[in-house]
>>> print(open('run_17.cif').read())   # mmCIF, C-alpha atoms
data_final
#
loop_
_atom_site.label_atom_id
_atom_site.label_comp_id
_atom_site.auth_asym_id
_atom_site.auth_seq_id
_atom_site.Cartn_x
_atom_site.Cartn_y
_atom_site.Cartn_z
CA MET A 1 50.89 -21.96 -26.69
CA THR A 2 52.97 -21.57 -23.56
CA GLU A 3 50.49 -20.22 -21.03
CA LEU A 4 50.72 -16.62 -19.92
CA ASP A 5 50.54 -16.16 -16.16
CA LEU A 6 47.16 -14.67 -15.27
CA ALA A 7 47.63 -14.55 -11.51
CA THR A 8 50.73 -12.57 -10.54
CA PRO A 9 49.87 -9.00 -9.45
CA PHE A 10 52.22 -6.84 -11.53
CA HIS A 11 52.01 -3.17 -12.41
CA ALA A 12 50.46 -2.20 -15.74
CA THR A 13 52.71 -0.79 -18.45
CA PRO A 14 52.18 2.79 -19.65
CA LEU A 15 50.49 1.39 -22.77
CA ALA A 16 48.26 -0.94 -20.75
CA GLU A 17 47.10 1.97 -18.64
CA THR A 18 46.10 3.78 -21.84
CA LEU A 19 44.31 0.78 -23.34
CA ALA A 20 42.32 0.20 -20.16
CA ALA A 21 39.54 -1.72 -21.91
CA SER A 22 41.92 -4.46 -23.09
CA THR A 23 42.27 -7.79 -21.30
CA LEU A 24 45.55 -7.65 -19.41
CA VAL A 25 47.86 -10.54 -18.54
CA SER A 26 51.08 -10.70 -16.59
CA TYR A 27 54.05 -11.09 -18.91
CA LEU A 28 57.73 -10.84 -18.01
CA GLY A 29 56.96 -8.92 -14.85
CA VAL A 30 54.24 -6.48 -15.98
CA LEU A 31 50.57 -6.30 -16.92
CA THR A 32 50.15 -5.88 -20.66
CA PRO A 33 47.36 -6.43 -23.25
CA GLN A 34 46.97 -10.11 -24.14
CA HIS A 35 45.15 -9.41 -27.42
CA LEU A 36 44.49 -6.17 -29.31
CA ASP A 37 42.87 -7.68 -32.43
CA ALA A 38 41.76 -11.09 -33.67
CA PRO A 39 44.63 -13.51 -32.90
CA GLU A 40 45.23 -14.50 -36.52
CA ALA A 41 45.23 -10.82 -37.58
CA GLU A 42 47.92 -10.11 -34.99
CA THR A 43 50.15 -12.97 -36.12
CA ALA A 44 49.62 -11.99 -39.76
CA ALA A 45 50.83 -8.48 -38.95
CA LEU A 46 53.92 -9.80 -37.16
CA PHE A 47 54.90 -12.38 -39.78
CA GLN A 48 53.69 -10.71 -42.99
CA GLY A 49 53.24 -7.00 -42.34
CA ALA A 50 54.15 -4.64 -39.51
CA ALA A 51 52.85 -4.80 -35.95
CA VAL A 52 53.16 -2.27 -33.13
CA HIS A 53 53.23 -3.77 -29.66
CA ASP A 54 54.01 -3.12 -26.03
CA LEU A 55 57.57 -3.38 -24.70
CA GLY A 56 56.73 -1.98 -21.30
CA TRP A 57 58.23 -5.06 -19.61
CA LEU A 58 61.73 -3.89 -20.52
CA ARG A 59 63.84 -1.78 -18.20
CA HIS A 60 66.91 0.33 -18.98
CA VAL A 61 69.49 0.83 -16.25
CA SER A 62 72.26 3.39 -16.63
CA VAL A 63 75.72 2.17 -15.57
CA ARG A 64 77.62 5.21 -14.26
CA GLY A 65 80.95 6.01 -12.64
CA GLU A 66 84.61 6.11 -13.67
CA ASP A 67 85.01 2.34 -13.46
CA ARG A 68 81.81 1.43 -15.33
CA PHE A 69 83.41 -0.11 -18.45
CA ARG A 70 85.93 -2.24 -16.58
CA TRP A 71 83.49 -3.29 -13.88
CA LEU A 72 80.66 -4.23 -16.28
CA SER A 73 83.06 -6.17 -18.48
CA GLY A 74 83.87 -8.28 -15.43
CA MET A 75 80.19 -9.06 -14.81
CA VAL A 76 78.86 -10.19 -18.22
CA THR A 77 79.82 -12.76 -20.83
CA ASN A 78 80.15 -10.54 -23.91
CA THR A 79 82.21 -7.56 -24.96
CA VAL A 80 81.79 -4.21 -23.20
CA GLU A 81 85.01 -2.21 -23.47
CA THR A 82 85.34 -2.82 -27.23
CA LEU A 83 81.64 -2.45 -28.00
CA PRO A 84 81.33 0.01 -30.91
CA ASP A 85 79.40 3.25 -30.51
CA LYS A 86 75.62 2.98 -30.98
CA THR A 87 75.58 -0.80 -30.81
CA GLY A 88 74.56 -3.45 -28.33
CA ALA A 89 75.41 -7.01 -27.34
CA TYR A 90 73.50 -9.86 -25.76
CA ASN A 91 74.95 -11.14 -22.49
CA LEU A 92 74.46 -13.74 -19.82
CA VAL A 93 75.14 -12.92 -16.18
CA LEU A 94 76.72 -15.82 -14.28
CA ASN A 95 77.67 -16.67 -10.73
CA ALA A 96 81.09 -18.00 -9.72
CA GLN A 97 79.93 -21.55 -10.48
CA GLY A 98 79.03 -20.57 -14.04
CA ARG A 99 75.28 -20.84 -13.48
CA ILE A 100 73.07 -18.30 -15.24
CA GLN A 101 71.61 -15.56 -13.04
CA GLY A 102 69.91 -13.68 -15.86
CA ASP A 103 70.35 -12.25 -19.33
CA VAL A 104 70.76 -8.63 -20.42
CA TYR A 105 71.57 -6.50 -23.42
CA VAL A 106 74.37 -3.97 -23.01
CA TRP A 107 73.95 -0.84 -25.14
CA ARG A 108 76.65 1.75 -25.74
CA SER A 109 76.21 5.30 -27.01
CA GLY A 110 79.44 7.28 -26.80
CA ASP A 111 80.58 6.94 -23.19
CA THR A 112 77.09 6.00 -22.01
CA LEU A 113 76.42 2.40 -20.98
CA GLU A 114 72.94 1.00 -20.35
CA LEU A 115 71.65 -2.42 -19.38
CA GLU A 116 68.38 -3.69 -20.84
CA LEU A 117 66.56 -6.38 -18.89
CA THR A 118 63.03 -7.54 -18.19
CA ALA A 119 60.99 -6.29 -15.27
CA ALA A 120 60.69 -9.88 -14.03
CA GLN A 121 64.46 -10.10 -13.61
CA ALA A 122 65.19 -6.57 -12.47
CA GLU A 123 65.14 -6.83 -8.68
CA ALA A 124 67.08 -10.09 -8.34
CA LEU A 125 69.57 -9.34 -11.09
CA LEU A 126 70.37 -5.81 -9.93
CA THR A 127 70.80 -7.12 -6.39
CA HIS A 128 73.23 -9.74 -7.71
CA LEU A 129 75.22 -7.13 -9.65
CA ASP A 130 75.23 -4.66 -6.78
CA ARG A 131 76.96 -7.21 -4.53
CA PHE A 132 80.02 -6.97 -6.75
CA ILE A 133 80.36 -3.17 -6.60
CA ILE A 134 82.96 -3.13 -3.83
CA MET A 135 85.83 -0.68 -4.32
CA ASP A 136 84.56 0.42 -7.75
CA ASP A 137 83.28 3.83 -8.76
CA VAL A 138 80.07 2.40 -10.25
CA GLU A 139 76.40 3.21 -9.81
CA LEU A 140 73.41 1.38 -11.30
CA VAL A 141 70.58 3.85 -11.94
CA PRO A 142 67.21 2.53 -13.25
CA LEU A 143 65.71 4.94 -15.79
CA GLU A 144 62.29 4.95 -14.21
CA ASN A 145 60.62 7.41 -16.56
CA GLN A 146 61.51 5.52 -19.75
CA SER A 147 59.41 2.97 -21.64
CA ALA A 148 59.25 1.44 -25.09
CA LEU A 149 57.03 0.26 -27.91
CA GLY A 150 58.03 -2.44 -30.35
CA LEU A 151 57.66 -2.59 -34.11
CA ALA A 152 58.10 -5.96 -35.78
CA GLY A 153 57.45 -7.58 -39.14
CA PRO A 154 58.85 -7.61 -42.68
CA LEU A 155 57.25 -4.21 -43.41
CA ALA A 156 58.49 -2.51 -40.25
CA GLY A 157 60.92 -0.42 -42.30
CA VAL A 158 57.99 1.02 -44.26
CA ILE A 159 56.42 2.26 -41.03
CA LEU A 160 59.71 3.73 -39.82
CA SER A 161 60.08 5.68 -43.06
CA ALA A 162 56.48 6.88 -42.84
CA VAL A 163 57.05 8.40 -39.38
CA GLY A 164 60.43 9.87 -40.29
CA LEU A 165 62.75 7.53 -38.42
CA PRO A 166 66.00 6.26 -39.95
CA LEU A 167 66.37 2.71 -41.20
CA ILE A 168 68.94 0.61 -39.37
CA ALA A 169 70.51 -2.08 -41.54
CA GLU A 170 72.24 -4.15 -38.86
CA GLN A 171 70.80 -5.86 -35.80
CA LEU A 172 71.82 -4.55 -32.37
CA ALA A 173 72.43 -1.02 -33.57
CA SER A 174 70.76 2.24 -32.54
CA ALA A 175 69.94 5.73 -33.79
CA GLU A 176 68.07 8.80 -32.61
CA GLY A 177 65.12 10.61 -34.14
CA SER A 178 61.66 11.92 -33.44
CA VAL A 179 58.07 10.97 -34.25
CA ALA A 180 55.46 13.74 -34.30
CA GLY A 181 57.79 15.86 -32.20
CA ILE A 182 58.44 13.06 -29.69
CA PRO A 183 62.16 12.34 -29.11
CA VAL A 184 62.82 8.65 -29.76
CA ARG A 185 65.82 6.37 -29.36
CA LEU A 186 65.47 3.68 -32.00
CA TYR A 187 67.06 0.26 -31.56
CA ARG A 188 67.14 -2.56 -34.07
CA THR A 189 66.87 -5.60 -31.83
CA TYR A 190 67.45 -9.31 -32.33
CA GLY A 191 65.24 -11.58 -34.41
CA THR A 192 65.67 -14.61 -36.63
CA VAL A 193 62.54 -14.52 -38.79
CA VAL A 194 61.37 -10.89 -39.05
CA PRO A 195 62.95 -7.49 -38.30
CA HIS A 196 62.45 -6.16 -34.77
CA TYR A 197 62.72 -2.55 -33.52
CA ALA A 198 62.31 -0.91 -30.12
CA LEU A 199 61.31 2.75 -29.80
CA TRP A 200 62.27 4.21 -26.41
CA THR A 201 60.91 7.48 -25.10
CA GLU A 202 59.60 9.06 -21.92
CA ALA A 203 56.70 7.04 -20.53
CA GLN A 204 54.33 9.99 -20.83
CA HIS A 205 54.78 9.94 -24.63
CA ILE A 206 53.90 6.25 -25.11
CA PRO A 207 50.18 6.83 -25.94
CA ALA A 208 50.97 9.48 -28.59
CA LEU A 209 53.75 7.33 -30.06
CA TRP A 210 51.34 4.38 -30.27
CA GLN A 211 48.82 6.52 -32.13
CA ALA A 212 51.46 7.80 -34.57
CA LEU A 213 52.67 4.29 -35.45
CA ALA A 214 49.10 3.03 -35.82
CA ALA A 215 48.24 5.99 -38.06
CA ALA A 216 51.23 5.10 -40.25
CA GLY A 217 49.79 1.62 -40.83
CA ALA A 218 51.21 -0.57 -38.05
CA LYS A 219 48.67 -3.10 -36.78
CA PRO A 220 48.31 -3.77 -33.04
CA ALA A 221 49.55 -7.02 -31.49
CA GLY A 222 49.33 -8.26 -27.93
CA ALA A 223 51.47 -10.44 -25.71
CA ALA A 224 50.01 -13.74 -26.92
CA ALA A 225 51.05 -13.10 -30.52
CA LEU A 226 54.48 -11.87 -29.40
CA GLU A 227 54.99 -15.05 -27.41
CA THR A 228 54.18 -17.03 -30.55
CA LEU A 229 56.75 -15.04 -32.52
CA ARG A 230 59.38 -15.58 -29.82
CA ILE A 231 58.93 -19.35 -29.89
CA VAL A 232 58.81 -19.58 -33.69
CA GLU A 233 62.08 -17.63 -33.80
CA GLY A 234 63.60 -19.99 -31.23
CA VAL A 235 64.58 -17.19 -28.83
CA PRO A 236 64.71 -18.48 -25.25
CA ALA A 237 63.37 -16.52 -22.31
CA TYR A 238 64.98 -16.50 -18.87
CA GLU A 239 63.02 -18.43 -16.22
CA VAL A 240 60.99 -20.02 -19.02
CA ASP A 241 63.53 -21.82 -21.20
CA ILE A 242 66.74 -20.76 -19.41
CA GLN A 243 66.95 -21.54 -15.71
CA SER A 244 69.36 -20.53 -12.95
CA ARG A 245 70.77 -24.07 -12.84
CA ASP A 246 71.83 -23.90 -16.51
CA LEU A 247 75.35 -23.39 -17.83
CA ALA A 248 76.05 -20.87 -20.59
CA GLN A 249 76.80 -23.41 -23.33
CA GLU A 250 73.66 -25.37 -22.51
CA THR A 251 71.58 -22.46 -23.79
CA ALA A 252 73.20 -22.68 -27.27
CA GLN A 253 73.25 -18.86 -27.26
CA THR A 254 76.77 -18.49 -28.60
CA ARG A 255 75.90 -14.89 -29.53
CA ALA A 256 76.17 -14.14 -25.79
CA LEU A 257 79.75 -15.39 -25.41
CA ASN A 258 83.04 -13.66 -26.19
CA PHE A 259 86.14 -15.78 -25.64
CA THR A 260 88.74 -13.01 -26.08
CA LYS A 261 87.38 -10.23 -23.81
CA GLY A 262 89.22 -11.07 -20.61
CA CYS A 263 88.09 -12.16 -17.17
CA TYR A 264 84.51 -12.07 -15.91
CA LEU A 265 82.51 -13.78 -13.19
CA GLY A 266 81.98 -17.43 -14.12
CA GLN A 267 84.46 -17.33 -17.02
CA GLU A 268 86.52 -20.22 -15.65
CA ILE A 269 83.59 -22.61 -16.07
CA VAL A 270 82.73 -21.30 -19.55
CA GLU A 271 86.34 -21.66 -20.69
CA ARG A 272 86.71 -25.09 -19.12
CA ILE A 273 83.68 -26.35 -21.05
CA ARG A 274 85.02 -24.84 -24.28
CA SER A 275 88.53 -26.23 -23.93
CA ARG A 276 88.04 -29.58 -22.21
CA GLY A 277 84.65 -30.91 -23.15
CA GLN A 278 81.09 -30.23 -24.18
CA VAL A 279 77.90 -30.05 -22.16
CA HIS A 280 75.44 -32.92 -22.37
CA ARG A 281 72.36 -30.95 -23.42
CA HIS A 282 71.39 -27.88 -25.44
CA LEU A 283 68.35 -25.68 -25.91
CA ARG A 284 67.03 -26.17 -29.43
CA ALA A 285 64.14 -24.97 -31.57
CA LEU A 286 61.82 -27.70 -32.82
CA GLU A 287 58.84 -28.15 -35.12
CA LEU A 288 56.18 -30.61 -34.04
CA THR A 289 53.86 -32.64 -36.28
CA PRO A 290 50.84 -33.64 -34.19
CA ASN A 291 48.59 -36.59 -34.85
CA PRO A 292 45.05 -35.71 -36.02
CA SER A 293 42.97 -34.25 -33.19
CA ALA A 294 45.94 -34.31 -30.78
CA GLU A 295 46.05 -31.57 -28.19
CA LEU A 296 48.88 -29.04 -28.10
CA PRO A 297 51.62 -30.47 -25.85
CA GLN A 298 52.43 -28.49 -22.73
CA PRO A 299 55.83 -27.33 -21.43
CA GLY A 300 57.36 -30.25 -19.58
CA THR A 301 56.30 -32.77 -22.24
CA GLU A 302 59.02 -35.34 -22.83
CA LEU A 303 60.03 -36.56 -26.27
CA ARG A 304 61.91 -39.76 -27.01
CA LEU A 305 63.75 -41.15 -29.99
CA ALA A 306 61.18 -42.53 -32.41
CA GLY A 307 60.73 -46.25 -31.92
CA SER A 308 62.19 -46.33 -28.41
CA ALA A 309 60.38 -47.82 -25.45
CA PRO A 310 57.91 -45.59 -23.54
CA ASP A 311 60.06 -45.90 -20.41
CA SER A 312 63.34 -45.06 -22.18
CA LYS A 313 65.37 -42.00 -21.25
CA PRO A 314 63.76 -38.78 -22.59
CA ALA A 315 65.64 -37.12 -25.45
CA VAL A 316 63.91 -33.74 -25.15
CA THR A 317 61.94 -31.82 -22.53
CA LEU A 318 59.83 -29.02 -23.98
CA THR A 319 60.07 -25.62 -22.31
CA SER A 320 57.88 -23.48 -24.63
CA VAL A 321 55.23 -24.48 -27.17
CA THR A 322 53.02 -22.51 -29.55
CA ALA A 323 50.61 -23.02 -32.43
CA LEU A 324 51.12 -20.61 -35.33
CA GLN A 325 47.93 -20.03 -37.31
CA LEU A 326 48.84 -18.25 -40.54
CA GLY A 327 46.99 -18.09 -43.84
CA GLY A 328 44.60 -20.87 -42.86
CA ASN A 329 47.43 -23.26 -41.98
CA GLN A 330 48.61 -24.30 -38.54
CA ARG A 331 52.16 -25.27 -37.55
CA ILE A 332 53.45 -26.19 -34.10
CA PHE A 333 56.78 -24.86 -32.85
CA ALA A 334 58.62 -25.38 -29.59
CA ILE A 335 61.81 -24.78 -27.67
CA GLY A 336 63.22 -27.65 -25.65
CA MET A 337 66.26 -28.94 -23.81
CA VAL A 338 67.76 -31.71 -25.95
CA ARG A 339 70.23 -34.38 -24.87
CA ALA A 340 73.40 -33.83 -26.89
CA ASP A 341 73.56 -37.46 -28.06
CA ALA A 342 69.98 -37.16 -29.34
CA GLU A 343 71.05 -34.40 -31.73
CA VAL A 344 73.46 -36.61 -33.66
CA GLY A 345 72.09 -37.19 -37.15
CA ASN A 346 68.95 -35.18 -36.30
CA PRO A 347 66.87 -38.31 -35.56
CA ALA A 348 63.09 -38.47 -35.55
CA LEU A 349 61.56 -37.69 -32.17
CA ALA A 350 58.20 -38.75 -30.79
CA TYR A 351 55.78 -37.79 -28.03
CA PRO A 352 52.36 -39.24 -27.20
CA GLY A 353 50.60 -36.82 -29.56
CA GLY A 354 52.92 -36.82 -32.58
CA THR A 355 56.48 -36.42 -33.83
CA ALA A 356 59.07 -33.64 -33.90
CA THR A 357 62.28 -32.56 -35.59
CA ILE A 358 65.05 -30.24 -34.44
CA LEU A 359 65.33 -27.05 -36.48
CA ASN A 360 68.89 -26.23 -37.50
CA ALA A 361 67.84 -22.94 -39.15
CA PRO A 362 64.95 -20.49 -38.73
CA PRO A 363 61.74 -21.93 -40.24
CA LYS A 364 60.52 -20.85 -43.65
CA LEU A 365 56.97 -19.63 -43.41
CA THR A 366 54.68 -19.65 -46.41
CA THR A 367 50.95 -19.13 -46.75
#
>>> encode(input="run_17.cif", output="structure tokens")
Amino acid sequence: MTELDLATPFHATPLAETLAASTLVSYLGVLTPQHLDAPEAETAALFQGAAVHDLGWLRHVSVRGEDRFRWLSGMVTNTVETLPDKTGAYNLVLNAQGRIQGDVYVWRSGDTLELELTAAQAEALLTHLDRFIIMDDVELVPLENQSALGLAGPLAGVILSAVGLPLIAEQLASAEGSVAGIPVRLYRTYGTVVPHYALWTEAQHIPALWQALAAAGAKPAGAAALETLRIVEGVPAYEVDIQSRDLAQETAQTRALNFTKGCYLGQEIVERIRSRGQVHRHLRALELTPNPSAELPQPGTELRLAGSAPDSKPAVTLTSVTALQLGGNQRIFAIGMVRADAEVGNPALAYPGGTATILNAPPKLTT
């Protein structure tokens, strides 16, 4: 699996402070539990049942002021002004050269706009955005007292019903409710393999909310299992799979781009790529088939077209790798940057420890 950083001195999440006996790792800018159960039990809950997990690495930032809709629309790659009530959209934040400075979700509730971003990105990305508040009536206000728990898995809806929260049919939609008297903002977030939900509340209520979800039957999962789920679903992470040198179309995250919304920072480059030519590489999800006894390849491993010379130009560079152990079977998944010409015909790919194929759809998982 892609290694979690064990060295960076981050602050613990509200949940991590409660579960003080757990082994903590730094993940997306915070300290959070690495494991909360046996690893295979955690992945089984995520992929086959319902798992409750930390989301304390997320931050919500309120965008305020009379010019907030117009200004924010000019800073991100997806729709803002036409975003329907109680919905959200995934966005990239670019510089004038079209290079990616970060990624955020924009959520709208009535006239309220909020940004959702990771703690690891918060300081640099908010500094970048703040530089473009010039003559605008706009204020970015981090919601310091808010935190979240996640609920993921095919049976997540069962848990929501058990604690009295509404079911949300569509991804990137939100609702309000309460759990054991705790006010909760419920978001259905993005996922390609299993349903994902985020439950936001005041940080002081996180321990009681955790207990209520666990009592309803949700099994605990830590950051290691969540990282496995992210990679299996092929969802890239900023500063892991997406870098500041990358262009929007290189990420293959078309869900982040809106070509009819009007002007925004970096739009000229995005539009030029769309209208005049394609980029020469894309992030793709892959499944690897290792040779017997081969070690798990590490990020940075280069793959080549099967049968090509060892010193030939790499076709793929892996950015994230994980081993999914489920029902006694192991499968290897990865995310990697693929040369565009190496995608044609979906050719066989090889690395020193095995072979790989590009996934053109979310994987089917059976046990």
>>> closest_atom_pairs(input="run_17.cif", of="stretch 49-107 of chain A", to="stretch 174-193 of chain A", cutoff="10 Å", atoms="all atoms listed in the file", output="Markdown table")
| residue | atom | partner | partner_atom | distance |
| --- | --- | --- | --- | --- |
| A:Asp85 | CA | A:Ser174 | CA | 8.9 |
| A:Lys86 | CA | A:Ser174 | CA | 5.2 |
| A:Thr87 | CA | A:Ser174 | CA | 6.0 |
| A:Gly88 | CA | A:Ser174 | CA | 8.0 |
| A:Ala89 | CA | A:Tyr190 | CA | 9.7 |
| A:Tyr90 | CA | A:Tyr190 | CA | 8.9 |
| A:Tyr105 | CA | A:Thr189 | CA | 9.7 |
| A:Trp107 | CA | A:Ser174 | CA | 8.6 |
>>> resolve_selection(input="run_17.cif", expression="the PyMOL selection byres ((chain A and resi 137-152) around 6)", output="MDAnalysis selection string")
chainID A and resid 46 50:56 60:68 136 153 156 195:203
>>> atom_distance(input="run_17.cif", atom1="atom CA of A:Phe132", atom2="atom CA of A:Ala248")
20.0 Å
>>> resolve_selection(input="run_17.cif", expression="the PyMOL selection byres ((chain A and resi 12-28) around 10)", output="PyMOL selection string")
chain A and resi 4-11+29-37+53-58+117-121+146-149+202-210+222-224+227+237-240
>>> closest_residue(input="run_17.cif", among="A:Arg272, A:Arg331, A:Arg108, A:His282", to="A:Gln249", atoms="all atoms listed in the file")
A:His282
>>> resolve_selection(input="run_17.cif", expression="the PyMOL selection byres ((chain A and resi 311-319) around 7)", output="mmCIF file with C-alpha atoms, in the frame of the given file")
data_model
loop_
_atom_site.group_PDB
_atom_site.id
_atom_site.type_symbol
_atom_site.label_atom_id
_atom_site.label_comp_id
_atom_site.auth_asym_id
_atom_site.auth_seq_id
_atom_site.Cartn_x
_atom_site.Cartn_y
_atom_site.Cartn_z
ATOM 1 C CA VAL A 240 60.990 -20.020 -19.020
ATOM 2 C CA ASP A 241 63.530 -21.820 -21.200
ATOM 3 C CA PRO A 299 55.830 -27.330 -21.430
ATOM 4 C CA GLY A 300 57.360 -30.250 -19.580
ATOM 5 C CA THR A 301 56.300 -32.770 -22.240
ATOM 6 C CA GLU A 302 59.020 -35.340 -22.830
ATOM 7 C CA LEU A 303 60.030 -36.560 -26.270
ATOM 8 C CA ARG A 304 61.910 -39.760 -27.010
ATOM 9 C CA LEU A 305 63.750 -41.150 -29.990
ATOM 10 C CA SER A 308 62.190 -46.330 -28.410
ATOM 11 C CA ALA A 309 60.380 -47.820 -25.450
ATOM 12 C CA PRO A 310 57.910 -45.590 -23.540
ATOM 13 C CA SER A 320 57.880 -23.480 -24.630
ATOM 14 C CA VAL A 321 55.230 -24.480 -27.170
ATOM 15 C CA ALA A 334 58.620 -25.380 -29.590
ATOM 16 C CA ILE A 335 61.810 -24.780 -27.670
ATOM 17 C CA GLY A 336 63.220 -27.650 -25.650
ATOM 18 C CA MET A 337 66.260 -28.940 -23.810
ATOM 19 C CA VAL A 338 67.760 -31.710 -25.950
ATOM 20 C CA ARG A 339 70.230 -34.380 -24.870
ATOM 21 C CA ALA A 342 69.980 -37.160 -29.340
#
>>> decode(input="run_17.cif", residues="stretch 175-202 of chain A", atoms="C-alpha atoms", output="PDB file, in the first residue's frame")
ATOM      1  CA  ALA A 175     -29.459  17.163   4.149  1.00  0.00           C
ATOM      2  CA  GLU A 176     -29.830  18.031   7.810  1.00  0.00           C
ATOM      3  CA  GLY A 177     -30.833  15.880  10.748  1.00  0.00           C
ATOM      4  CA  SER A 178     -29.819  14.776  14.210  1.00  0.00           C
ATOM      5  CA  VAL A 179     -28.378  11.678  15.865  1.00  0.00           C
ATOM      6  CA  ALA A 180     -29.103  11.124  19.562  1.00  0.00           C
ATOM      7  CA  GLY A 181     -29.903  14.812  19.867  1.00  0.00           C
ATOM      8  CA  ILE A 182     -26.710  15.887  18.063  1.00  0.00           C
ATOM      9  CA  PRO A 183     -27.327  18.265  15.120  1.00  0.00           C
ATOM     10  CA  VAL A 184     -25.740  16.798  11.987  1.00  0.00           C
ATOM     11  CA  ARG A 185     -25.232  18.014   8.437  1.00  0.00           C
ATOM     12  CA  LEU A 186     -25.219  14.929   6.250  1.00  0.00           C
ATOM     13  CA  TYR A 187     -23.425  14.885   2.902  1.00  0.00           C
ATOM     14  CA  ARG A 188     -23.409  12.097   0.351  1.00  0.00           C
ATOM     15  CA  THR A 189     -19.901  12.331  -1.040  1.00  0.00           C
ATOM     16  CA  TYR A 190     -18.164  10.918  -4.095  1.00  0.00           C
ATOM     17  CA  GLY A 191     -17.311   7.255  -4.577  1.00  0.00           C
ATOM     18  CA  THR A 192     -17.104   4.804  -7.456  1.00  0.00           C
ATOM     19  CA  VAL A 193     -17.397   1.439  -5.702  1.00  0.00           C
ATOM     20  CA  VAL A 194     -19.369   1.942  -2.462  1.00  0.00           C
ATOM     21  CA  PRO A 195     -21.590   4.728  -1.064  1.00  0.00           C
ATOM     22  CA  HIS A 196     -19.819   7.397   0.989  1.00  0.00           C
ATOM     23  CA  TYR A 197     -21.315   9.815   3.541  1.00  0.00           C
ATOM     24  CA  ALA A 198     -19.859  12.570   5.719  1.00  0.00           C
ATOM     25  CA  LEU A 199     -21.521  13.595   8.991  1.00  0.00           C
ATOM     26  CA  TRP A 200     -20.498  17.099  10.082  1.00  0.00           C
ATOM     27  CA  THR A 201     -21.102  18.444  13.557  1.00  0.00           C
ATOM     28  CA  GLU A 202     -19.404  20.480  16.263  1.00  0.00           C
TER      29      GLU A 202
END
